[in-house]
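First comes the structure, then the notes that go with it.
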Amino acid sequence: MDVLPSTELSRIIGAESAKTLEQGLGITTAAQLLQHYPRRWIEFGQLSSFRDLPEAGEHVSLIAEVTGVSVRKMANRRGSLAEVWVTDDEGNSLKMAFFNGWSVGRQLTQGARAIFHGKVGSYRDRPTLNNPDFTVLVDADPETITDQVDPEADPLGAAALPRALNRGKTPVPLYPATSGISSFRILDCIEILLDLIDFAAWPEPLPEQVRASEELPELGEAYRLIHRPETMEDPERGMRRMRYHEAFLLQGLLHLRRAQEQHRRALPRPAQEAGLLTRFDAGLPFTLTEGQVRCGELIGAELDREHPMNRLLQGEVGSGKTLVALRAMLQVLETGGQAVLIAPTEVLAAQHERSLRRMLGGLAEEVGLTLLTGSMGTADRRRALLDIASGTAELVVGTHAVLGEQVHFVDLGLAVVDEQHRFGVEQRDALRTRYELTPHMLVMSATPIPRSVAMTVFGDLELTTLEGLPSGRQPIVTHVVRTVQGPRFIGRVWERIAEEVAAGHQVYVVCPKISEADAREDPETGVQTDQDASVELIAARLAEHPLLSRTRRAWSTGEWTPPPRSR
């Protein structure tokens with residue numbers, strides 16, 4: 001049969017395997033399966049490195065050596081508990097727990113090497129695997145392995161692995177997997193595809209001259225280098241082709257979008273003498289920074305054009321992006337238009353509304369500053385919609401609710417989107433494509449975006465960087481701590497908190513859960529999972545911590561309530 005990119009997997013690997021791939025990974029076609037790239041490659045038989053373990057909650061496939069096994073009866077429930085200690089190629093240890101695991105103690109003996117597949121968990125701040133599937137590598141000699149594989153004795157398909165690698169000890173791809181299908185089953189399905197596909201029938205997006213100048217392999221060869229490598233250098237050659245391939249197609253799409261933008265028309269919004277913007281600037285209790293002035297002049301000039309502005313404003317937290325956006329909105333308002341500021345959450349929208357009201361002072365009532373969110377009561381929501389539709393609300397702040405079809409602006413001149421990475425392209429364009437004259441668009445981000453990435457991912461937007469901070473503002477420094485790597489890392493977090501407190505500063509600890517009662521049962525293992533990031537538990541730990549027990553502490557679990565309408 002001819003296997004094309006859109007060929008359904010059920011016709012190639014069977015209905016059962018295809019259903020598992022669709023349910024677990026959303027993969028349904030031949031092209032989608034080949035584009036499910038390995039997360040890494042290891043030499044056949046080589047032990048995995050525990051340093052490469054993903055975050056807790058993600059699935060992993062790894063090869064490890066058993067260093068110890070302990071089987072005992074459980075104290076509070078029927079059955080047995082087998083604890084298995086394994087080591088990686090650097091001597092790091094990892095503990096696994098098997099419930100009702102009497103047979104595990106007989107199969108996983110000290111010194112045995114096995115392939116494990118399961119979900120990474122955390123126990124006492126250390127990574128662990130609970131009830132992982134495993135297959136013992138009894139004989140890694142490909143010449144002695146037959147084609148007869150018992151699925152029950154070999155749940156991961158490890159015995160088929162050497163056959164998939166052409167009976168040679170070639171690098172082993174390890175794929176992102178799920179509880180329903182392991183990395184090695186995915187490899188088995190990909191091997192079937194590679195044996196059946198004639199890539200001469202597949203479209204080649206990269207022109208020959210581009211491939212030649214960049215020294216890139218053809219599409220079929222790139223897939224083979226990635227999924228069926230002969231050396232550890234092959235995957236990088238294949239992935240380099242695919243990265244270029246993706247960037248090439250994306251740039252083509254963005255070029256098309258830019259060409260389409262040129263055909264859109266917008267109403268010019270020139271600044272007015274002695275208008276709202278002039279009055280606002282005169283009332284500011286501080287002087288604008290050079291960066292704020294520069295960005296304001298650039299945006300103001302674009303608002304005065306017949307082509308719609310489509311600009312990304314990037315700047316650090318505290319650099320004054322909201323102030324720059326407000327000045328642009330006032331320029332639109334003084335020409336008789338309306339402006340909207342869209343935030344990704346109701347909490348952030350409410351904060352913006354309060355911030356704008358504080359900055360505007362008496363002008364807030366003059367421009368009819370209005371908040372619109374999804375959780376507003378029926379009466380308040382109806383009043384806000386009427387004010388927007390009548391033009392009474394010239395300046396609107398809201399969430400995704402303002403993108404709804406029931407929201408009608410009289411003359412929308414500018415849409416400002418905060419935290420732009422939380423919105424898709426379609427959401428950004430929802431308001432712009434609804435009107436005959438396209439509103440101007442300004443999107444803001446505090447997330448540092450390298451210029452090369454910004455030009456690739458946000459290539460339909462002109463990029464402006466707001467540089468510098470207002471006088472007295474300190475730069476923001478962010479550190480990521482992978483607590484799954486052990487208690488020493490989380491301990492250092494508490495030490496840093498103690499250092500800041502000792503310096504006279506305040507510290508906030510934000511938790512994803514409120515109470516220990518939020519603990520839930522893992523649906524795959526039936527094991528109760530600790531919610532050790534709850535407010536109650538963290539507050540108790542800090543109270544007992546030797547470095548923090550004498551500090552003044554307070555904790556809150558209050559939920560946000562929409563403020564009463566002030567107009």
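Naming works like this for the structure tokens: A, B, ... for the chains as they're shown, residue 1 at the start of each chain, ligands 1 onward in shown order.
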So that I can check the surroundings of region 311-319 of chain A, please list as a CSV table (one decimal) with all heavy atoms, in the first residue's frame every protein, DNA and RNA residue that reaches within 7 Å of it, counting only C-alpha atoms and ignoring chain neighbours fewer than 2 positions away.
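around_4.csv was written with the following content:
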```csv
chain,number,residue,atom,x,y,z
A,309,MET,N,-1.8,49.4,13.0
A,309,MET,CA,-0.6,49.1,13.7
A,309,MET,C,-0.8,47.6,14.3
A,309,MET,O,-1.8,47.2,14.7
A,309,MET,CB,-0.4,50.0,14.9
A,309,MET,CG,0.8,49.7,15.8
A,309,MET,SD,0.9,50.8,17.2
A,309,MET,CE,-0.5,50.4,18.2
A,321,LYS,N,5.1,49.5,30.8
A,321,LYS,CA,4.4,49.2,29.6
A,321,LYS,C,2.9,49.6,29.7
A,321,LYS,O,2.4,50.1,28.7
A,321,LYS,CB,4.4,47.7,29.4
A,321,LYS,CG,5.8,47.1,29.1
A,321,LYS,CD,5.8,45.6,28.8
A,321,LYS,CE,5.2,44.8,30.0
A,321,LYS,NZ,6.0,44.9,31.2
A,441,MET,N,-3.5,47.4,16.9
A,441,MET,CA,-3.3,46.4,17.9
A,441,MET,C,-1.9,46.6,18.5
A,441,MET,O,-0.9,46.8,17.8
A,441,MET,CB,-3.3,45.0,17.2
A,441,MET,CG,-2.9,43.8,18.1
A,441,MET,SD,-4.1,43.4,19.3
A,441,MET,CE,-5.3,42.6,18.3
A,442,LEU,N,-1.9,46.6,19.9
A,442,LEU,CA,-0.7,46.6,20.6
A,442,LEU,C,-0.7,45.5,21.6
A,442,LEU,O,-1.6,45.4,22.5
A,442,LEU,CB,-0.6,48.0,21.4
A,442,LEU,CG,0.6,48.1,22.3
A,442,LEU,CD1,1.9,48.2,21.5
A,442,LEU,CD2,0.5,49.4,23.1
A,443,VAL,N,0.3,44.6,21.6
A,443,VAL,CA,0.3,43.5,22.5
A,443,VAL,C,1.6,43.7,23.4
A,443,VAL,O,2.6,44.1,22.9
A,443,VAL,CB,0.4,42.1,21.8
A,443,VAL,CG1,-0.9,41.9,21.0
A,443,VAL,CG2,1.6,42.0,20.9
A,444,MET,N,1.4,43.3,24.7
A,444,MET,CA,2.5,43.5,25.6
A,444,MET,C,3.0,42.2,26.2
A,444,MET,O,2.2,41.3,26.4
A,444,MET,CB,2.0,44.5,26.7
A,444,MET,CG,1.5,45.8,26.2
A,444,MET,SD,1.1,46.9,27.6
A,444,MET,CE,-0.1,46.1,28.5
A,445,SER,N,4.3,42.2,26.5
A,445,SER,CA,4.8,41.0,27.2
A,445,SER,C,6.0,41.4,28.1
A,445,SER,O,6.8,42.2,27.7
A,445,SER,CB,5.4,40.0,26.1
A,445,SER,OG,6.0,38.9,26.8
A,446,ALA,N,6.0,40.8,29.3
A,446,ALA,CA,7.1,41.0,30.2
A,446,ALA,C,8.0,39.9,30.1
A,446,ALA,O,9.1,39.9,30.8
A,446,ALA,CB,6.6,41.1,31.7
A,461,LEU,N,4.2,40.6,13.9
A,461,LEU,CA,4.2,41.8,14.8
A,461,LEU,C,5.5,42.5,14.7
A,461,LEU,O,6.6,41.9,14.6
A,461,LEU,CB,4.0,41.4,16.2
A,461,LEU,CG,2.7,40.6,16.6
A,461,LEU,CD1,2.8,40.2,18.1
A,461,LEU,CD2,1.5,41.4,16.4
A,462,GLU,N,5.4,43.9,14.6
A,462,GLU,CA,6.6,44.7,14.7
A,462,GLU,C,7.1,44.7,16.2
A,462,GLU,O,6.2,44.8,17.1
A,462,GLU,CB,6.3,46.1,14.2
A,462,GLU,CG,5.9,46.2,12.8
A,462,GLU,CD,7.0,45.8,11.8
A,462,GLU,OE1,8.2,45.8,12.2
A,462,GLU,OE2,6.7,45.4,10.7
A,463,LEU,N,8.4,44.6,16.4
A,463,LEU,CA,8.9,44.4,17.8
A,463,LEU,C,9.4,45.8,18.3
A,463,LEU,O,10.2,46.4,17.6
A,463,LEU,CB,10.0,43.4,17.9
A,463,LEU,CG,10.7,43.2,19.2
A,463,LEU,CD1,9.7,42.7,20.3
A,463,LEU,CD2,11.8,42.2,19.0
A,464,THR,N,9.0,46.1,19.5
A,464,THR,CA,9.5,47.3,20.2
A,464,THR,C,9.9,46.9,21.6
A,464,THR,O,9.1,46.3,22.3
A,464,THR,CB,8.5,48.5,20.2
A,464,THR,OG1,8.2,48.9,18.9
A,464,THR,CG2,9.1,49.6,21.0
A,465,THR,N,11.1,47.3,22.0
A,465,THR,CA,11.6,46.9,23.4
A,465,THR,C,11.6,48.2,24.2
A,465,THR,O,12.2,49.2,23.8
A,465,THR,CB,12.9,46.3,23.4
A,465,THR,OG1,12.9,45.1,22.6
A,465,THR,CG2,13.4,45.9,24.8
A,466,LEU,N,10.9,48.2,25.3
A,466,LEU,CA,10.9,49.3,26.3
A,466,LEU,C,12.1,49.1,27.2
A,466,LEU,O,12.0,48.2,28.1
A,466,LEU,CB,9.6,49.3,27.0
A,466,LEU,CG,9.4,50.4,28.1
A,466,LEU,CD1,9.7,51.8,27.5
A,466,LEU,CD2,8.0,50.4,28.8
A,467,GLU,N,13.1,49.9,27.0
A,467,GLU,CA,14.3,49.7,27.8
A,467,GLU,C,14.3,50.7,29.0
A,467,GLU,O,13.8,51.8,28.9
A,467,GLU,CB,15.5,50.0,26.9
A,467,GLU,CG,15.6,48.9,25.8
A,467,GLU,CD,16.8,49.3,24.8
A,467,GLU,OE1,17.3,50.4,24.9
A,467,GLU,OE2,17.2,48.3,24.1
A,468,GLY,N,15.0,50.2,30.1
A,468,GLY,CA,15.2,51.1,31.2
A,468,GLY,C,14.0,51.0,32.2
A,468,GLY,O,12.9,50.6,31.8
A,469,LEU,N,14.3,51.3,33.5
A,469,LEU,CA,13.3,51.3,34.5
A,469,LEU,C,13.1,52.7,35.1
A,469,LEU,O,14.1,53.5,35.1
A,469,LEU,CB,13.7,50.3,35.6
A,469,LEU,CG,13.8,48.8,35.3
A,469,LEU,CD1,14.3,48.0,36.5
A,469,LEU,CD2,12.4,48.3,34.9
A,470,PRO,N,11.9,53.0,35.6
A,470,PRO,CA,11.8,54.3,36.3
A,470,PRO,C,12.8,54.4,37.4
A,470,PRO,O,13.2,53.4,38.0
A,470,PRO,CB,10.3,54.3,36.8
A,470,PRO,CG,9.7,53.3,35.8
A,470,PRO,CD,10.7,52.3,35.5
```
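Residues of region 190-329 of chain A that DSSP places in strand (DSSP E or B), based on the backbone of this structure, are Asn310, Arg311, Leu312, Leu313, Gln314 and Gly315 of chain A.
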Please, which residues in region 191-230 of chain A fall within 9 Å of region 243-261 of chain A when counting only C-alpha atoms, and what is the closest atom pair and distance in Å to one decimal for each, ordered by chain then residue number, as a tab-separated table?
```
residue	atom	partner	partner_atom	distance
A:Pro205	CA	A:His245	CA	7.4
A:Leu206	CA	A:His245	CA	6.8
A:Leu216	CA	A:Tyr244	CA	8.7
```
What would the file look like if the residues just selected were written as a short mmCIF file (atom, residue, chain, number, x, y, z; two decimals), in the first residue's frame with N, CA, C and O atoms?
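out16.cif was written with the following content:
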```
data_model
loop_
_atom_site.label_atom_id
_atom_site.label_comp_id
_atom_site.auth_asym_id
_atom_site.auth_seq_id
_atom_site.Cartn_x
_atom_site.Cartn_y
_atom_site.Cartn_z
N PRO A 205 9.14 20.08 1.10
CA PRO A 205 8.93 21.53 1.21
C PRO A 205 10.17 22.36 0.91
O PRO A 205 10.04 23.50 0.47
N LEU A 206 11.36 21.83 1.17
CA LEU A 206 12.57 22.61 0.99
C LEU A 206 13.08 22.47 -0.44
O LEU A 206 13.36 21.36 -0.90
N LEU A 216 21.63 20.19 4.00
CA LEU A 216 20.56 19.51 4.71
C LEU A 216 20.16 18.24 3.97
O LEU A 216 20.09 18.24 2.73
#
```
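Each of A:Thr433, A:Thr287, A:Asn100, A:Gln338 was checked against Val410 (chain A) using only C-alpha atoms; the smallest atom-to-atom distance is that of A:Gln338.
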